[in-house]
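Engineer: My questions all concern the structure below.
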Protein chains: 4
Amino acid sequence: MSEHRHSYIANKSKDDYLKRLRRIEGQARGLQRMVEEEQYCIDILTQVSAMTKALQAVSLSLLDEHLGHCVVEAARAGGPEAEVKIKEASDAIARLVRS
Amino acid sequence: MSEHRHSYIANKSKDDYLKRLRRIEGQARGLQRMVEEEQYCIDILTQVSAMTKALQAVSLSLLDEHLGHCVVEAARAGGPEAEVKIKEASDAIARLVRS
Amino acid sequence: MSEHRHSYIANKSKDDYLKRLRRIEGQARGLQRMVEEEQYCIDILTQVSAMTKALQAVSLSLLDEHLGHCVVEAARAGGPEAEVKIKEASDAIARLVRS
Amino acid sequence: MSEHRHSYIANKSKDDYLKRLRRIEGQARGLQRMVEEEQYCIDILTQVSAMTKALQAVSLSLLDEHLGHCVVEAARAGGPEAEVKIKEASDAIARLVRS
């Protein structure tokens, strides 16, 4: 089954994800600085919301890519694999919606 | 007005926030590694959900502290300040709920 | 304690809430019709999202009103009641953010 | 294209959706009663959260069914239709996550 679990991230979008995740890492550091400097709670909260939105956008892109590659591929290959992949994707969507 | 915008984070919870934010920063780095190593999309998504939940928990703690200190203080002081604080807190809650 | 648990909804906004909730009830009926008529899943999902957003807006208005009246009043009254109210509001916000 | 937009809801789950949506409609009526009777804001908010969760569960089931039927079918049929379906599903997921 391991061959069905390789990454489906295209090289071009890989760089894009890394760039976005580095920016998110920078936001996490910025928040530490704001807490250190005892900045105003509401301003910190605004930054946390921006960071949450950025993370959510990464999730949606990953999910989109996953559905378009992995799920479509499994559906075309036929067999029980497609069902497994759909279940897995649905579970990931549920975690996303609830987080 | 600036004196009403100082931090209301207690020293004890300041350390706790910094610890949580450092862990979140670590999660952002972990995600970059997962993308670099072309790990499976669904596993990456699971980590993104965990990180989003951690961030959300930070927001809720900050908001809780803000309501308990800043809003209560403004309410006690009386005057238009209380209304400003409530509006500000409500807006932050709306951003949180929608993010 | 019961006198601290009466409604803080102003009469003017009470009518507004009732109007919004009747519309939401209508959306729930509209969704049943869509399912009955076997309409397209994605169109049904779009309606569910609209209804969820409408409900969320009701929550945010209620919370706003609650903070502005009940929490402010408790803070002014002083004593342990303010803390109870803040805890209660924070818990409601957490449920909202996680739902 | 219209034949690709028919409902993919199985008859068995159709009844289940109708039952869930009738219960949600009942929750909307219950909320109106709570507002009418000027019940406590926090209690109303708790009910709104429960209703939002119920709606969200309906969305997730619909999406699951949609991915498992419509998207898989389109992927198997091949051609540009699969891409259209994935795009449509991704957009619905984004609306869900953001609502």
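Going through the structure tokens in order, the chains are called A, B, and so on, while each chain numbers its residues from 1 and the ligands are numbered from 1 in the order shown.
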Can you build me a table of segment 11-92 of chain D residues sitting at most 10 Å from segment 82-90 of chain C, with the closest atom pair per residue and its distance in Å to one decimal, using only C-alpha atoms, sorted by chain and residue number, as JSON lines?
Structural biologist:
```
{"residue": "D:Cys41", "atom": "CA", "partner": "C:Ala89", "partner_atom": "CA", "distance": 9.7}
{"residue": "D:Ile42", "atom": "CA", "partner": "C:Ala89", "partner_atom": "CA", "distance": 7.3}
{"residue": "D:Leu45", "atom": "CA", "partner": "C:Ala89", "partner_atom": "CA", "distance": 9.8}
```
Engineer: With N, CA, C and O atoms kept, could you save the residues just selected as an mmCIF file, in the first residue's frame?
Structural biologist:
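Output file out.cif is given in full below:
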```
data_model
loop_
_atom_site.group_PDB
_atom_site.id
_atom_site.type_symbol
_atom_site.label_atom_id
_atom_site.label_comp_id
_atom_site.auth_asym_id
_atom_site.auth_seq_id
_atom_site.Cartn_x
_atom_site.Cartn_y
_atom_site.Cartn_z
ATOM 1 N N CYS D 41 -29.419 34.413 27.386
ATOM 2 C CA CYS D 41 -28.563 34.445 26.180
ATOM 3 C C CYS D 41 -27.652 33.229 26.030
ATOM 4 O O CYS D 41 -27.513 32.673 24.950
ATOM 5 N N ILE D 42 -26.980 32.890 27.123
ATOM 6 C CA ILE D 42 -26.001 31.809 27.050
ATOM 7 C C ILE D 42 -26.702 30.490 26.719
ATOM 8 O O ILE D 42 -26.169 29.670 25.957
ATOM 9 N N LEU D 45 -27.435 30.620 23.078
ATOM 10 C CA LEU D 45 -26.182 30.385 22.340
ATOM 11 C C LEU D 45 -25.806 28.909 22.318
ATOM 12 O O LEU D 45 -25.302 28.405 21.309
#
```
Engineer: Please identify all polymer residues within 12 Å of segment 27-31 of chain D, counting only C-alpha atoms, omitting same-chain residues fewer than 2 positions from it, and present them as JSON, numbers by chain.
Structural biologist: {"C": [14, 17, 18, 19, 20, 21, 22, 23, 24, 25, 26, 27, 28, 29, 51, 52, 54, 55, 58, 59], "D": [20, 21, 22, 23, 24, 25, 33, 34, 35, 36, 37, 38, 39, 40, 41, 43, 44, 45, 46, 47, 48, 49, 50, 51, 52, 53, 54, 55]}
Engineer: Using only C-alpha atoms, can you tell me which of C:Ala57, C:Asp16, C:Gln32, C:Ile9 comes closest to chain B?
Structural biologist: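 Result for the nearest residue to chain B: C:Ala57.
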Engineer: Chain C residues within 9 Å of chain B, counting only C-alpha atoms: which ones, as a list in words?
Structural biologist: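 Residues satisfying the distance criterion: Gln56, Ala57, Leu60, Ser61, Leu63, Asp64, Leu67, Gly68, Val71, Val72, Glu73, Ala74, Ala75, Arg76, Ala77, Gly78, Ala82, Glu83, Ile86, Lys87, Ala89, Ser90, Asp91, Ile93, Ala94, Leu96, Val97, Arg98 and Ser99 of chain C.
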Engineer: Okay, now the selection with C-alpha atoms, as a CSV table (one decimal), in the first residue's frame?
Structural biologist:
```
chain,number,residue,atom,x,y,z
C,56,GLN,CA,-23.3,32.1,12.9
C,57,ALA,CA,-24.3,35.8,12.5
C,60,LEU,CA,-22.3,36.7,17.1
C,61,SER,CA,-25.1,39.3,17.6
C,63,LEU,CA,-22.8,37.3,22.1
C,64,ASP,CA,-22.2,40.9,21.4
C,67,LEU,CA,-21.1,41.0,26.5
C,68,GLY,CA,-22.5,44.6,26.3
C,71,VAL,CA,-21.1,41.0,31.4
C,72,VAL,CA,-20.7,44.8,31.8
C,73,GLU,CA,-23.5,44.9,34.4
C,74,ALA,CA,-21.9,42.1,36.4
C,75,ALA,CA,-18.5,43.8,36.2
C,76,ARG,CA,-20.0,47.0,37.5
C,77,ALA,CA,-21.9,45.2,40.3
C,78,GLY,CA,-18.5,43.7,41.4
C,82,ALA,CA,-18.3,39.1,37.1
C,83,GLU,CA,-15.9,36.2,37.1
C,86,ILE,CA,-16.7,36.0,32.0
C,87,LYS,CA,-16.2,32.2,32.4
C,89,ALA,CA,-19.1,33.9,28.0
C,90,SER,CA,-15.6,32.4,27.3
C,91,ASP,CA,-17.1,28.9,27.3
C,93,ILE,CA,-17.2,31.6,22.6
C,94,ALA,CA,-15.2,28.4,22.6
C,96,LEU,CA,-18.9,28.9,18.9
C,97,VAL,CA,-15.4,28.8,17.5
C,98,ARG,CA,-15.3,25.0,17.6
C,99,SER,CA,-18.7,24.5,16.0
```
Engineer: Would you give me, as a VMD selection string, the residues in chain D that DSSP reads as alpha helix (DSSP H)?
Structural biologist: chain D and resid 11 to 36 41 to 66 72 to 77 81 to 98
Engineer: State, in Å with one decimal place, the distance from atom CA of Lys12 of chain C to atom CA of Cys70 of chain C.
Structural biologist: 17.0 Å
Engineer: Give me, please, the distance in Å between atom CA of Pro80 of chain D and atom CA of Asp15 of chain A, quoted to one decimal.
Structural biologist: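 Pair atom CA of Pro80 of chain D / atom CA of Asp15 of chain A returns 26.7 Å.
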Engineer: What is the distance, in Å and to one decimal place, between atom CA of Gly79 of chain B and atom CA of Ala10 of chain C?
Structural biologist: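 Straight-line distance from atom CA of Gly79 of chain B to atom CA of Ala10 of chain C works out to 20.6 Å.
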